[in-house]
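Here is the structure we will look at.
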Protein chains: 2
Amino acid sequence: MTNLSSTYDEILDCARSLIIAGGYNGFSYADIAEVVGIRKASIHHHFPSKVDLVQTLVARYRKEAEAGMANLEHQGSDPLELLRFYAGYWEACIMDDSAPFCVCALLASQLPVLPEEVCLEVRAHFRSLSAWLTSVLERGARQGQLQLMGTPHDEAEAFMATVHGAMLSARAYGDPKIFGVVTSSLLERFSSR
Amino acid sequence: MTNLSSTYDEILDCARSLIIAGGYNGFSYADIAEVVGIRKASIHHHFPSKVDLVQTLVARYRKEAEAGMANLEHQGSDPLELLRFYAGYWEACIMDDSAPFCVCALLASQLPVLPEEVCLEVRAHFRSLSAWLTSVLERGARQGQLQLMGTPHDEAEAFMATVHGAMLSARAYGDPKIFGVVTSSLLERFSSR
DNA sequence: GTCATTCTACCTTCTGGTAGGTAGTTTGTC
DNA sequence: GACAAACTACCTACCAGAAGGTAGAATGAC
């Protein structure tokens, strides 16, 4: 139980890449089988159904993201630094093409055709990301470091939306640099100076 | 040629709704056939392949959007009004669930698995929308009505990204109101007063 | 009669999923 | 330590249904 096979992880990693590329209906067990070098049926041993696979994958993604946010928080960086780090993290992922889109953002776009279980995981990610951003903005505003025009919550939603939209634009233009253009414009607006 | 059958249009409208819900791989000819009340094979008479159908659909969408932008432009409204109108248009579409997502924004998210022809149409829409927003922002800045921190182009990209991200959040939360929250925060920031 | 439209009937390939089997490892019991 | 039972990870060989698509025959308007 503690010793999970590496195949299990390989399947999850592969599925993640495939979802990032084309969403829930954009890949099949056959696609994974080919990449991992295993037979289709063997995937069912690890993940009985496609819903199981994607739900596990998103749950894990969500956990990683939450761990990342908690970790940033403990490093005691100031609010503006945290926002910069968050945007910088995605900028790096997009520039080196290692993860050119947030799994949950991509799945959210197809929410109406997603299985209920996956839908709930995706929604939970949006809520936890929004909550974290809200707390960062709230702290920044209280310290006088960040310039907010609305409530921390509303500004957090706007921040998140802009980052997701920037991922979309980078993909649409086929130009990773556009992500940096949009996010740096976003960050600038929050700095007081 | 001038007298296009209404079935043709019904198929396009139906496909549009289905794409808005789940993207390129989220619907099939069978789905359309059921809604339109026609046999699968009959759709092939109007659109030989799925690529033809989606390409036509996106091209038409693009034309409509460009006509809408040109029309707004001719009404001579001031820049801030134009931005408000644009955001308000989408807010209405999302609130009444008539078109809760931009077809091109949704397709852009799955660009890596899209047929080349569709990909080009989607990209073209992003470019024309960005160009229009740039011109509006540029004019607003020149007139002193809008407060820009970066170049009109960069701000236009940020504006577009935020609107697309707001669509995504509204869908993720299952709450149409979040679109208005994000976009009104966005518009406020551009107003001078 | 011609032409567009729609139909039935069919094809191939892909889809997620199942059944049943095999080789190798762990585990529990004596 | 020996040995059976159970478990893990994978396999081959299927299946039913859905996918996009084709061929050719009816229908019906001009």
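Within each chain, counting starts at residue 1; across the structure tokens, chains are named A, B, ... in the order shown, with ligands numbered 1 upward in that order.
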Give me the residues near Gln110 in chain A as a list in words, where near means some atom within 7 Å (using only C-alpha atoms (C1' of nucleotides)) and where sequence neighbours in that chain fewer than 3 positions away do not count. Leu107, Val113 and Leu114 of chain A; Ala21, Gly22 and Gly23 of chain B
With C-alpha atoms retained, write the just-selected residues as a PDB file, in the first residue's frame.
```pdb
ATOM      1  CA  LEU A 107     -11.343  20.643 -17.228  1.00  0.00           C
ATOM      2  CA  VAL A 113     -19.808  17.202 -20.062  1.00  0.00           C
ATOM      3  CA  LEU A 114     -17.668  16.083 -17.119  1.00  0.00           C
TER       4      LEU A 114
ATOM      5  CA  ALA B  21     -20.757  22.707 -23.629  1.00  0.00           C
ATOM      6  CA  GLY B  22     -17.890  20.322 -24.238  1.00  0.00           C
ATOM      7  CA  GLY B  23     -15.561  21.327 -27.041  1.00  0.00           C
TER       8      GLY B  23
END
```
Residues of chain B were defined as contacting chain A if any atom lay at most 7 Å from it, counting only C-alpha atoms; please report them as number ranges by chain. B: 21-23, 25-26, 106, 108-113, 123, 150, 154, 157-158, 161-162, 164-166, 168-169, 171-173, 181-182, 185
Can you list, as a ChimeraX atom specification, every protein, DNA or RNA residue that comes within 10 Å of Gly37 in chain B when you count only C-alpha atoms (C1' of nucleotides), leaving out same-chain residues fewer than 4 positions away? /B:7,11,31-33
Kindly save the residues from that selection, with N, CA and C atoms included, as a PDB file, in the first residue's frame.
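Resulting contents of again.pdb:
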```pdb
ATOM      1  N   THR B   7     -32.209  23.783 -42.334  1.00  0.00           N
ATOM      2  CA  THR B   7     -31.559  22.644 -41.680  1.00  0.00           C
ATOM      3  C   THR B   7     -30.072  22.919 -41.500  1.00  0.00           C
ATOM      4  N   ILE B  11     -28.250  22.892 -37.961  1.00  0.00           N
ATOM      5  CA  ILE B  11     -27.096  22.041 -37.642  1.00  0.00           C
ATOM      6  C   ILE B  11     -25.975  22.885 -37.040  1.00  0.00           C
ATOM      7  N   ASP B  31     -25.254  13.189 -31.842  1.00  0.00           N
ATOM      8  CA  ASP B  31     -25.859  14.169 -30.920  1.00  0.00           C
ATOM      9  C   ASP B  31     -26.651  15.213 -31.695  1.00  0.00           C
ATOM     10  N   ILE B  32     -26.034  15.720 -32.756  1.00  0.00           N
ATOM     11  CA  ILE B  32     -26.690  16.734 -33.575  1.00  0.00           C
ATOM     12  C   ILE B  32     -27.945  16.160 -34.221  1.00  0.00           C
ATOM     13  N   ALA B  33     -27.799  14.957 -34.774  1.00  0.00           N
ATOM     14  CA  ALA B  33     -28.921  14.310 -35.457  1.00  0.00           C
ATOM     15  C   ALA B  33     -30.139  14.237 -34.540  1.00  0.00           C
TER      16      ALA B  33
END
```
What does chain B look like once superposed on chain A, all Cα atoms paired in sequence order, least squares? Give it as an mmCIF file with C-alpha atoms, in the first residue's frame.
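So the final result, stored in selection.cif, reads:
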```
data_model
loop_
_atom_site.group_PDB
_atom_site.id
_atom_site.type_symbol
_atom_site.label_atom_id
_atom_site.label_comp_id
_atom_site.auth_asym_id
_atom_site.auth_seq_id
_atom_site.Cartn_x
_atom_site.Cartn_y
_atom_site.Cartn_z
ATOM 1 C CA MET B 1 -0.376 0.594 0.020
ATOM 2 C CA THR B 2 2.687 2.638 0.875
ATOM 3 C CA ASN B 3 4.606 1.099 -2.007
ATOM 4 C CA LEU B 4 2.707 2.316 -5.059
ATOM 5 C CA SER B 5 3.957 0.891 -8.333
ATOM 6 C CA SER B 6 5.687 3.333 -10.606
ATOM 7 C CA THR B 7 3.368 2.249 -13.413
ATOM 8 C CA TYR B 8 0.522 3.697 -11.405
ATOM 9 C CA ASP B 9 2.313 7.044 -11.299
ATOM 10 C CA GLU B 10 3.349 6.856 -14.922
ATOM 11 C CA ILE B 11 -0.269 6.372 -15.935
ATOM 12 C CA LEU B 12 -1.315 9.379 -13.890
ATOM 13 C CA ASP B 13 1.472 11.560 -15.268
ATOM 14 C CA CYS B 14 0.707 10.542 -18.806
ATOM 15 C CA ALA B 15 -3.020 11.144 -18.377
ATOM 16 C CA ARG B 16 -2.238 14.554 -16.952
ATOM 17 C CA SER B 17 -0.254 15.549 -20.018
ATOM 18 C CA LEU B 18 -2.982 14.258 -22.288
ATOM 19 C CA ILE B 19 -5.701 16.126 -20.399
ATOM 20 C CA ILE B 20 -3.661 19.313 -20.529
ATOM 21 C CA ALA B 21 -3.512 18.892 -24.285
ATOM 22 C CA GLY B 22 -7.129 18.098 -25.035
ATOM 23 C CA GLY B 23 -9.321 17.659 -21.987
ATOM 24 C CA TYR B 24 -11.422 14.758 -20.758
ATOM 25 C CA ASN B 25 -12.645 13.572 -24.136
ATOM 26 C CA GLY B 26 -9.341 14.320 -25.836
ATOM 27 C CA PHE B 27 -7.595 11.130 -24.795
ATOM 28 C CA SER B 28 -8.263 7.426 -24.441
ATOM 29 C CA TYR B 29 -6.919 4.421 -22.559
ATOM 30 C CA ALA B 30 -5.264 3.395 -25.824
ATOM 31 C CA ASP B 31 -3.305 6.669 -25.904
ATOM 32 C CA ILE B 32 -2.002 6.088 -22.400
ATOM 33 C CA ALA B 33 -1.201 2.449 -23.120
ATOM 34 C CA GLU B 34 0.969 3.449 -26.051
ATOM 35 C CA VAL B 35 2.950 6.049 -24.120
ATOM 36 C CA VAL B 36 3.425 4.008 -20.936
ATOM 37 C CA GLY B 37 4.219 0.845 -22.893
ATOM 38 C CA ILE B 38 1.539 -1.310 -21.375
ATOM 39 C CA ARG B 39 -1.654 -2.919 -22.639
ATOM 40 C CA LYS B 40 -4.975 -1.093 -22.425
ATOM 41 C CA ALA B 41 -6.433 -3.722 -20.129
ATOM 42 C CA SER B 42 -3.581 -3.306 -17.650
ATOM 43 C CA ILE B 43 -4.605 0.267 -17.029
ATOM 44 C CA HIS B 44 -7.966 -0.979 -15.823
ATOM 45 C CA HIS B 45 -6.139 -2.923 -13.111
ATOM 46 C CA HIS B 46 -4.888 0.358 -11.633
ATOM 47 C CA PHE B 47 -7.903 2.478 -12.504
ATOM 48 C CA PRO B 48 -11.085 0.456 -13.045
ATOM 49 C CA SER B 49 -12.731 3.236 -15.031
ATOM 50 C CA LYS B 50 -11.773 6.449 -16.769
ATOM 51 C CA VAL B 51 -13.689 8.385 -14.127
ATOM 52 C CA ASP B 52 -11.539 6.769 -11.402
ATOM 53 C CA LEU B 53 -8.391 7.718 -13.246
ATOM 54 C CA VAL B 54 -9.291 11.339 -13.814
ATOM 55 C CA GLN B 55 -10.758 11.792 -10.365
ATOM 56 C CA THR B 56 -7.578 10.428 -8.770
ATOM 57 C CA LEU B 57 -5.467 12.599 -11.014
ATOM 58 C CA VAL B 58 -7.343 15.783 -10.185
ATOM 59 C CA ALA B 59 -7.458 14.975 -6.475
ATOM 60 C CA ARG B 60 -3.684 14.517 -6.511
ATOM 61 C CA TYR B 61 -3.215 17.715 -8.515
ATOM 62 C CA ARG B 62 -5.349 19.554 -6.014
ATOM 63 C CA LYS B 63 -3.345 18.193 -3.100
ATOM 64 C CA GLU B 64 -0.083 19.235 -4.733
ATOM 65 C CA ALA B 65 -1.413 22.711 -5.375
ATOM 66 C CA GLU B 66 -2.592 23.068 -1.801
ATOM 67 C CA ALA B 67 0.765 21.836 -0.509
ATOM 68 C CA GLY B 68 2.472 24.379 -2.738
ATOM 69 C CA MET B 69 0.334 27.211 -1.426
ATOM 70 C CA ALA B 70 0.878 26.169 2.189
ATOM 71 C CA ASN B 71 4.597 25.904 1.584
ATOM 72 C CA LEU B 72 4.781 29.378 0.075
ATOM 73 C CA GLU B 73 2.857 30.705 3.012
ATOM 74 C CA HIS B 74 5.364 29.278 5.501
ATOM 75 C CA GLN B 75 8.324 30.841 3.759
ATOM 76 C CA GLY B 76 6.989 34.122 5.043
ATOM 77 C CA SER B 77 7.477 35.996 1.804
ATOM 78 C CA ASP B 78 5.551 39.220 1.547
ATOM 79 C CA PRO B 79 2.225 39.221 -0.361
ATOM 80 C CA LEU B 80 3.541 40.810 -3.561
ATOM 81 C CA GLU B 81 6.361 38.270 -3.639
ATOM 82 C CA LEU B 82 3.839 35.466 -3.281
ATOM 83 C CA LEU B 83 1.804 36.701 -6.222
ATOM 84 C CA ARG B 84 4.949 37.098 -8.285
ATOM 85 C CA PHE B 85 6.060 33.602 -7.366
ATOM 86 C CA TYR B 86 2.691 32.135 -8.292
ATOM 87 C CA ALA B 87 2.638 33.858 -11.673
ATOM 88 C CA GLY B 88 6.305 33.039 -12.204
ATOM 89 C CA TYR B 89 5.683 29.375 -11.502
ATOM 90 C CA TRP B 90 3.156 29.192 -14.295
ATOM 91 C CA GLU B 91 5.250 31.303 -16.602
ATOM 92 C CA ALA B 92 8.073 28.760 -16.233
ATOM 93 C CA CYS B 93 5.724 25.816 -16.822
ATOM 94 C CA ILE B 94 4.383 27.453 -19.963
ATOM 95 C CA MET B 95 7.731 28.598 -21.317
ATOM 96 C CA ASP B 96 9.363 25.163 -21.039
ATOM 97 C CA ASP B 97 6.119 23.484 -22.134
ATOM 98 C CA SER B 98 6.242 21.103 -19.166
ATOM 99 C CA ALA B 99 2.668 21.954 -18.131
ATOM 100 C CA PRO B 100 1.296 24.639 -20.422
ATOM 101 C CA PHE B 101 -2.107 24.718 -18.747
ATOM 102 C CA CYS B 102 -3.689 24.187 -15.353
ATOM 103 C CA VAL B 103 -5.420 20.787 -15.355
ATOM 104 C CA CYS B 104 -8.398 22.156 -13.454
ATOM 105 C CA ALA B 105 -8.739 25.241 -15.622
ATOM 106 C CA LEU B 106 -8.836 23.055 -18.683
ATOM 107 C CA LEU B 107 -11.338 20.632 -17.224
ATOM 108 C CA ALA B 108 -13.468 23.508 -15.975
ATOM 109 C CA SER B 109 -13.994 24.634 -19.555
ATOM 110 C CA GLN B 110 -15.738 21.328 -20.267
ATOM 111 C CA LEU B 111 -17.565 21.098 -16.978
ATOM 112 C CA PRO B 112 -20.997 20.453 -18.542
ATOM 113 C CA VAL B 113 -19.799 17.163 -20.068
ATOM 114 C CA LEU B 114 -17.672 16.048 -17.129
ATOM 115 C CA PRO B 115 -18.629 13.197 -14.779
ATOM 116 C CA GLU B 116 -19.998 14.491 -11.508
ATOM 117 C CA GLU B 117 -17.036 13.204 -9.440
ATOM 118 C CA VAL B 118 -14.497 15.096 -11.535
ATOM 119 C CA CYS B 119 -16.676 18.178 -11.564
ATOM 120 C CA LEU B 120 -16.583 18.351 -7.768
ATOM 121 C CA GLU B 121 -12.791 18.068 -7.648
ATOM 122 C CA VAL B 122 -12.378 20.834 -10.202
ATOM 123 C CA ARG B 123 -14.727 23.120 -8.338
ATOM 124 C CA ALA B 124 -12.887 22.444 -5.084
ATOM 125 C CA HIS B 125 -9.594 23.500 -6.673
ATOM 126 C CA PHE B 126 -11.073 26.785 -7.830
ATOM 127 C CA ARG B 127 -12.352 27.442 -4.352
ATOM 128 C CA SER B 128 -9.074 26.702 -2.592
ATOM 129 C CA LEU B 129 -7.037 28.742 -5.060
ATOM 130 C CA SER B 130 -9.448 31.642 -4.714
ATOM 131 C CA ALA B 131 -9.312 31.392 -0.921
ATOM 132 C CA TRP B 132 -5.514 31.444 -0.892
ATOM 133 C CA LEU B 133 -5.331 34.424 -3.237
ATOM 134 C CA THR B 134 -7.940 36.215 -1.151
ATOM 135 C CA SER B 135 -5.882 35.732 2.001
ATOM 136 C CA VAL B 136 -2.718 36.951 0.275
ATOM 137 C CA LEU B 137 -4.434 40.043 -1.117
ATOM 138 C CA GLU B 138 -6.128 40.754 2.180
ATOM 139 C CA ARG B 139 -2.791 40.645 3.989
ATOM 140 C CA GLY B 140 -1.117 42.779 1.337
ATOM 141 C CA ALA B 141 -3.839 45.377 1.576
ATOM 142 C CA ARG B 142 -3.698 45.413 5.368
ATOM 143 C CA GLN B 143 0.054 45.937 5.261
ATOM 144 C CA GLY B 144 -0.416 48.727 2.740
ATOM 145 C CA GLN B 145 1.782 46.926 0.226
ATOM 146 C CA LEU B 146 -0.959 46.133 -2.276
ATOM 147 C CA GLN B 147 -3.373 48.577 -3.855
ATOM 148 C CA LEU B 148 -6.866 47.086 -4.042
ATOM 149 C CA MET B 149 -9.849 48.751 -5.665
ATOM 150 C CA GLY B 150 -12.420 46.183 -4.548
ATOM 151 C CA THR B 151 -12.708 43.605 -1.783
ATOM 152 C CA PRO B 152 -9.840 41.109 -1.433
ATOM 153 C CA HIS B 153 -12.201 38.359 -2.563
ATOM 154 C CA ASP B 154 -13.324 40.164 -5.720
ATOM 155 C CA GLU B 155 -9.761 41.100 -6.594
ATOM 156 C CA ALA B 156 -8.651 37.524 -5.986
ATOM 157 C CA GLU B 157 -11.275 36.279 -8.416
ATOM 158 C CA ALA B 158 -10.126 38.827 -10.981
ATOM 159 C CA PHE B 159 -6.518 37.806 -10.442
ATOM 160 C CA MET B 160 -7.280 34.126 -10.913
ATOM 161 C CA ALA B 161 -9.415 34.805 -13.982
ATOM 162 C CA THR B 162 -6.662 36.845 -15.592
ATOM 163 C CA VAL B 163 -4.055 34.147 -15.004
ATOM 164 C CA HIS B 164 -6.329 31.489 -16.513
ATOM 165 C CA GLY B 165 -7.166 33.735 -19.436
ATOM 166 C CA ALA B 166 -3.475 34.385 -19.994
ATOM 167 C CA MET B 167 -2.876 30.635 -20.270
ATOM 168 C CA LEU B 168 -5.611 30.510 -22.851
ATOM 169 C CA SER B 169 -4.178 33.378 -24.878
ATOM 170 C CA ALA B 170 -0.685 31.891 -24.813
ATOM 171 C CA ARG B 171 -2.155 28.720 -26.249
ATOM 172 C CA ALA B 172 -4.380 30.480 -28.783
ATOM 173 C CA TYR B 173 -1.543 32.584 -30.153
ATOM 174 C CA GLY B 174 0.912 29.727 -29.903
ATOM 175 C CA ASP B 175 3.140 32.215 -28.111
ATOM 176 C CA PRO B 176 4.187 31.477 -24.500
ATOM 177 C CA LYS B 177 5.460 35.020 -24.032
ATOM 178 C CA ILE B 178 1.956 36.467 -24.004
ATOM 179 C CA PHE B 179 1.427 34.873 -20.583
ATOM 180 C CA GLY B 180 4.220 36.989 -19.137
ATOM 181 C CA VAL B 181 2.927 40.107 -20.834
ATOM 182 C CA VAL B 182 -0.508 39.719 -19.273
ATOM 183 C CA THR B 183 0.603 38.669 -15.815
ATOM 184 C CA SER B 184 3.267 41.336 -15.446
ATOM 185 C CA SER B 185 0.645 43.932 -16.381
ATOM 186 C CA LEU B 186 -1.564 42.345 -13.733
ATOM 187 C CA LEU B 187 1.105 42.415 -11.029
ATOM 188 C CA GLU B 188 2.136 45.957 -11.803
ATOM 189 C CA ARG B 189 -1.333 47.169 -11.061
ATOM 190 C CA PHE B 190 -1.182 45.771 -7.534
ATOM 191 C CA SER B 191 2.140 47.328 -6.606
ATOM 192 C CA SER B 192 1.856 50.648 -4.800
ATOM 193 C CA ARG B 193 4.919 52.370 -6.250
#
```
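Within 8 Å of chain A, chain C contributes the residues DT15, DG16 and DG17 of chain C, using only C-alpha atoms (C1' of nucleotides).
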Select all residues from chain D having any atom no more than 12 Å from an atom of chain A (counting only C-alpha atoms (C1' of nucleotides), ignoring ligands), output as a list in words.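 Output check: DC7, DT8, DA9, DC10, DC11, DT12, DA13 and DC14 of chain D.
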May I have the residues from that selection written out with all heavy atoms, as a compact mmCIF listing (two decimals), in the first residue's frame?
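Full text of again_25.txt as output:
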```txt
# COMPACT_ATOMS: atom_id res chain seq x y z
P DC D 7 -6.65 -11.96 -0.97
OP1 DC D 7 -7.28 -11.12 0.07
OP2 DC D 7 -7.48 -12.56 -2.05
O5' DC D 7 -5.47 -11.13 -1.64
C5' DC D 7 -4.28 -10.87 -0.88
C4' DC D 7 -3.20 -10.35 -1.80
O4' DC D 7 -2.60 -11.46 -2.52
C3' DC D 7 -3.70 -9.37 -2.86
O3' DC D 7 -2.91 -8.20 -2.79
C2' DC D 7 -3.52 -10.11 -4.17
C1' DC D 7 -2.34 -11.02 -3.84
N1 DC D 7 -2.24 -12.22 -4.72
C2 DC D 7 -1.01 -12.50 -5.33
O2 DC D 7 -0.05 -11.76 -5.12
N3 DC D 7 -0.90 -13.60 -6.14
C4 DC D 7 -1.96 -14.37 -6.33
N4 DC D 7 -1.81 -15.44 -7.13
C5 DC D 7 -3.22 -14.11 -5.72
C6 DC D 7 -3.31 -13.03 -4.93
P DT D 8 -3.34 -6.91 -3.59
OP1 DT D 8 -3.18 -5.74 -2.71
OP2 DT D 8 -4.62 -7.18 -4.27
O5' DT D 8 -2.22 -6.84 -4.71
C5' DT D 8 -0.85 -6.81 -4.32
C4' DT D 8 0.01 -6.86 -5.56
O4' DT D 8 -0.06 -8.17 -6.17
C3' DT D 8 -0.40 -5.84 -6.63
O3' DT D 8 0.74 -5.07 -6.93
C2' DT D 8 -0.86 -6.71 -7.80
C1' DT D 8 -0.14 -8.03 -7.57
N1 DT D 8 -0.82 -9.26 -8.05
C2 DT D 8 -0.13 -10.13 -8.87
O2 DT D 8 1.02 -9.93 -9.23
N3 DT D 8 -0.84 -11.25 -9.25
C4 DT D 8 -2.13 -11.58 -8.90
O4 DT D 8 -2.64 -12.62 -9.30
C5 DT D 8 -2.79 -10.63 -8.05
C7 DT D 8 -4.20 -10.89 -7.61
C6 DT D 8 -2.12 -9.53 -7.66
P DA D 9 0.63 -3.74 -7.82
OP1 DA D 9 1.75 -2.85 -7.44
OP2 DA D 9 -0.76 -3.24 -7.77
O5' DA D 9 0.92 -4.29 -9.28
C5' DA D 9 2.23 -4.78 -9.56
C4' DA D 9 2.21 -5.44 -10.90
O4' DA D 9 1.35 -6.60 -10.84
C3' DA D 9 1.64 -4.56 -12.03
O3' DA D 9 2.61 -4.49 -13.05
C2' DA D 9 0.38 -5.30 -12.47
C1' DA D 9 0.71 -6.72 -12.09
N9 DA D 9 -0.43 -7.60 -11.90
C8 DA D 9 -1.61 -7.34 -11.25
N7 DA D 9 -2.47 -8.33 -11.24
C5 DA D 9 -1.80 -9.33 -11.95
C6 DA D 9 -2.16 -10.65 -12.30
N6 DA D 9 -3.34 -11.18 -11.97
N1 DA D 9 -1.26 -11.37 -13.00
C2 DA D 9 -0.08 -10.81 -13.33
N3 DA D 9 0.37 -9.59 -13.06
C4 DA D 9 -0.54 -8.89 -12.35
P DC D 10 2.45 -3.33 -14.15
OP1 DC D 10 3.81 -2.87 -14.47
OP2 DC D 10 1.44 -2.36 -13.69
O5' DC D 10 1.85 -4.10 -15.40
C5' DC D 10 2.70 -4.95 -16.13
C4' DC D 10 1.98 -6.21 -16.55
O4' DC D 10 1.01 -6.66 -15.59
C3' DC D 10 1.12 -6.10 -17.79
O3' DC D 10 1.91 -6.01 -18.95
C2' DC D 10 0.38 -7.44 -17.72
C1' DC D 10 0.34 -7.75 -16.22
N1 DC D 10 -1.04 -7.92 -15.68
C2 DC D 10 -1.67 -9.15 -15.85
O2 DC D 10 -1.07 -10.06 -16.43
N3 DC D 10 -2.94 -9.33 -15.37
C4 DC D 10 -3.54 -8.32 -14.74
N4 DC D 10 -4.78 -8.53 -14.29
C5 DC D 10 -2.92 -7.05 -14.55
C6 DC D 10 -1.67 -6.89 -15.04
P DC D 11 1.26 -5.65 -20.34
OP1 DC D 11 2.34 -5.29 -21.28
OP2 DC D 11 0.14 -4.71 -20.11
O5' DC D 11 0.63 -7.06 -20.80
C5' DC D 11 1.50 -8.15 -21.03
C4' DC D 11 0.70 -9.43 -21.20
O4' DC D 11 -0.11 -9.63 -20.02
C3' DC D 11 -0.30 -9.39 -22.34
O3' DC D 11 0.34 -9.84 -23.52
C2' DC D 11 -1.36 -10.38 -21.89
C1' DC D 11 -1.28 -10.36 -20.38
N1 DC D 11 -2.45 -9.72 -19.68
C2 DC D 11 -3.61 -10.48 -19.44
O2 DC D 11 -3.64 -11.64 -19.84
N3 DC D 11 -4.66 -9.91 -18.79
C4 DC D 11 -4.57 -8.64 -18.38
N4 DC D 11 -5.63 -8.12 -17.73
C5 DC D 11 -3.41 -7.84 -18.62
C6 DC D 11 -2.38 -8.41 -19.26
P DT D 12 -0.25 -9.44 -24.94
OP1 DT D 12 0.84 -9.59 -25.93
OP2 DT D 12 -0.93 -8.14 -24.79
O5' DT D 12 -1.37 -10.54 -25.21
C5' DT D 12 -1.06 -11.93 -25.10
C4' DT D 12 -2.34 -12.74 -25.22
O4' DT D 12 -3.21 -12.43 -24.10
C3' DT D 12 -3.15 -12.46 -26.49
O3' DT D 12 -3.59 -13.69 -27.05
C2' DT D 12 -4.30 -11.59 -26.01
C1' DT D 12 -4.50 -12.09 -24.58
N1 DT D 12 -5.06 -11.08 -23.65
C2 DT D 12 -6.23 -11.35 -22.99
O2 DT D 12 -6.86 -12.39 -23.13
N3 DT D 12 -6.64 -10.35 -22.15
C4 DT D 12 -6.02 -9.13 -21.90
O4 DT D 12 -6.50 -8.33 -21.12
C5 DT D 12 -4.80 -8.92 -22.63
C7 DT D 12 -4.04 -7.65 -22.46
C6 DT D 12 -4.37 -9.89 -23.47
P DA D 13 -4.27 -13.72 -28.52
OP1 DA D 13 -3.96 -15.04 -29.12
OP2 DA D 13 -3.92 -12.48 -29.22
O5' DA D 13 -5.83 -13.68 -28.16
C5' DA D 13 -6.35 -14.53 -27.14
C4' DA D 13 -7.79 -14.14 -26.86
O4' DA D 13 -7.84 -13.05 -25.91
C3' DA D 13 -8.56 -13.67 -28.10
O3' DA D 13 -9.81 -14.33 -28.16
C2' DA D 13 -8.72 -12.18 -27.86
C1' DA D 13 -8.83 -12.14 -26.34
N9 DA D 13 -8.55 -10.82 -25.75
C8 DA D 13 -7.53 -9.96 -26.04
N7 DA D 13 -7.55 -8.86 -25.35
C5 DA D 13 -8.65 -8.99 -24.53
C6 DA D 13 -9.22 -8.16 -23.56
N6 DA D 13 -8.72 -6.98 -23.23
N1 DA D 13 -10.33 -8.61 -22.92
C2 DA D 13 -10.84 -9.81 -23.27
N3 DA D 13 -10.39 -10.69 -24.16
C4 DA D 13 -9.28 -10.21 -24.77
P DC D 14 -10.63 -14.40 -29.57
OP1 DC D 14 -10.63 -15.79 -30.03
OP2 DC D 14 -10.14 -13.32 -30.45
O5' DC D 14 -12.11 -14.08 -29.12
C5' DC D 14 -12.54 -12.75 -29.20
C4' DC D 14 -13.16 -12.32 -27.88
O4' DC D 14 -12.22 -11.53 -27.15
C3' DC D 14 -14.35 -11.42 -28.12
O3' DC D 14 -15.53 -12.22 -28.11
C2' DC D 14 -14.32 -10.43 -26.99
C1' DC D 14 -12.91 -10.53 -26.41
N1 DC D 14 -12.12 -9.26 -26.47
C2 DC D 14 -12.45 -8.21 -25.60
O2 DC D 14 -13.41 -8.35 -24.83
N3 DC D 14 -11.73 -7.06 -25.64
C4 DC D 14 -10.70 -6.96 -26.48
N4 DC D 14 -10.00 -5.82 -26.47
C5 DC D 14 -10.33 -8.02 -27.37
C6 DC D 14 -11.07 -9.12 -27.34
```
Could you please determine the separation between C1' of DT12 in chain C and C1' of DG20 in chain D in Å, to one decimal place? 9.4 Å
Extract, using only C-alpha atoms (C1' of nucleotides), all DNA, RNA and protein residues at most 12 Å from DG28 in chain D, discarding same-chain residues fewer than 2 positions from it, and format them as JSON, numbers by chain. {"C": [2, 3, 4, 5, 6], "D": [26, 30]}
I'd like the neighbourhood of DG28 in chain C as a CSV table (one decimal) with N, CA, C and O atoms (P, O5', C5', C4', C3', O3' and C1' of nucleotides), in the first residue's frame, where a residue qualifies if any of its atoms comes within 10 Å (using only C-alpha atoms (C1' of nucleotides)), though same-chain residues fewer than 2 positions away should be ignored.
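Ended up saving to out.csv:
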```
chain,number,residue,atom,x,y,z
C,26,DT,P,8.2,-9.4,-2.4
C,26,DT,O5',6.9,-9.4,-1.4
C,26,DT,C5',5.8,-10.3,-1.8
C,26,DT,C4',4.7,-10.0,-0.8
C,26,DT,C3',5.0,-10.0,0.6
C,26,DT,O3',4.0,-9.3,1.3
C,26,DT,C1',3.8,-12.1,0.0
C,30,DC,P,-2.1,-23.8,12.0
C,30,DC,O5',-0.9,-24.9,11.9
C,30,DC,C5',-1.0,-25.9,10.9
C,30,DC,C4',0.4,-26.5,10.7
C,30,DC,C3',1.1,-27.1,11.9
C,30,DC,O3',1.0,-28.5,11.8
C,30,DC,C1',2.6,-25.8,10.6
D,4,DA,P,1.8,-27.6,-1.3
D,4,DA,O5',0.4,-26.9,-1.1
D,4,DA,C5',-0.4,-27.1,0.1
D,4,DA,C4',-1.0,-25.8,0.6
D,4,DA,C3',-2.0,-25.2,-0.5
D,4,DA,O3',-3.2,-24.9,0.2
D,4,DA,C1',-0.4,-23.6,0.3
D,5,DA,P,-4.5,-24.5,-0.7
D,5,DA,O5',-4.5,-22.9,-0.3
D,5,DA,C5',-4.6,-22.5,1.0
D,5,DA,C4',-4.5,-21.0,1.1
D,5,DA,C3',-5.5,-20.3,0.1
D,5,DA,O3',-6.2,-19.3,0.8
D,5,DA,C1',-3.3,-19.5,-0.1
D,6,DA,P,-7.3,-18.5,0.1
D,6,DA,O5',-6.5,-17.1,-0.2
D,6,DA,C5',-5.8,-16.5,0.9
D,6,DA,C4',-5.1,-15.3,0.3
D,6,DA,C3',-5.9,-14.4,-0.7
D,6,DA,O3',-5.8,-13.1,-0.2
D,6,DA,C1',-3.7,-14.9,-1.5
```
Every residue of range 88-179 of chain A that DSSP places in alpha helix (DSSP H), as a PyMOL selection string: chain A and resi 88-95+103-109+116-142+152-173+177-179
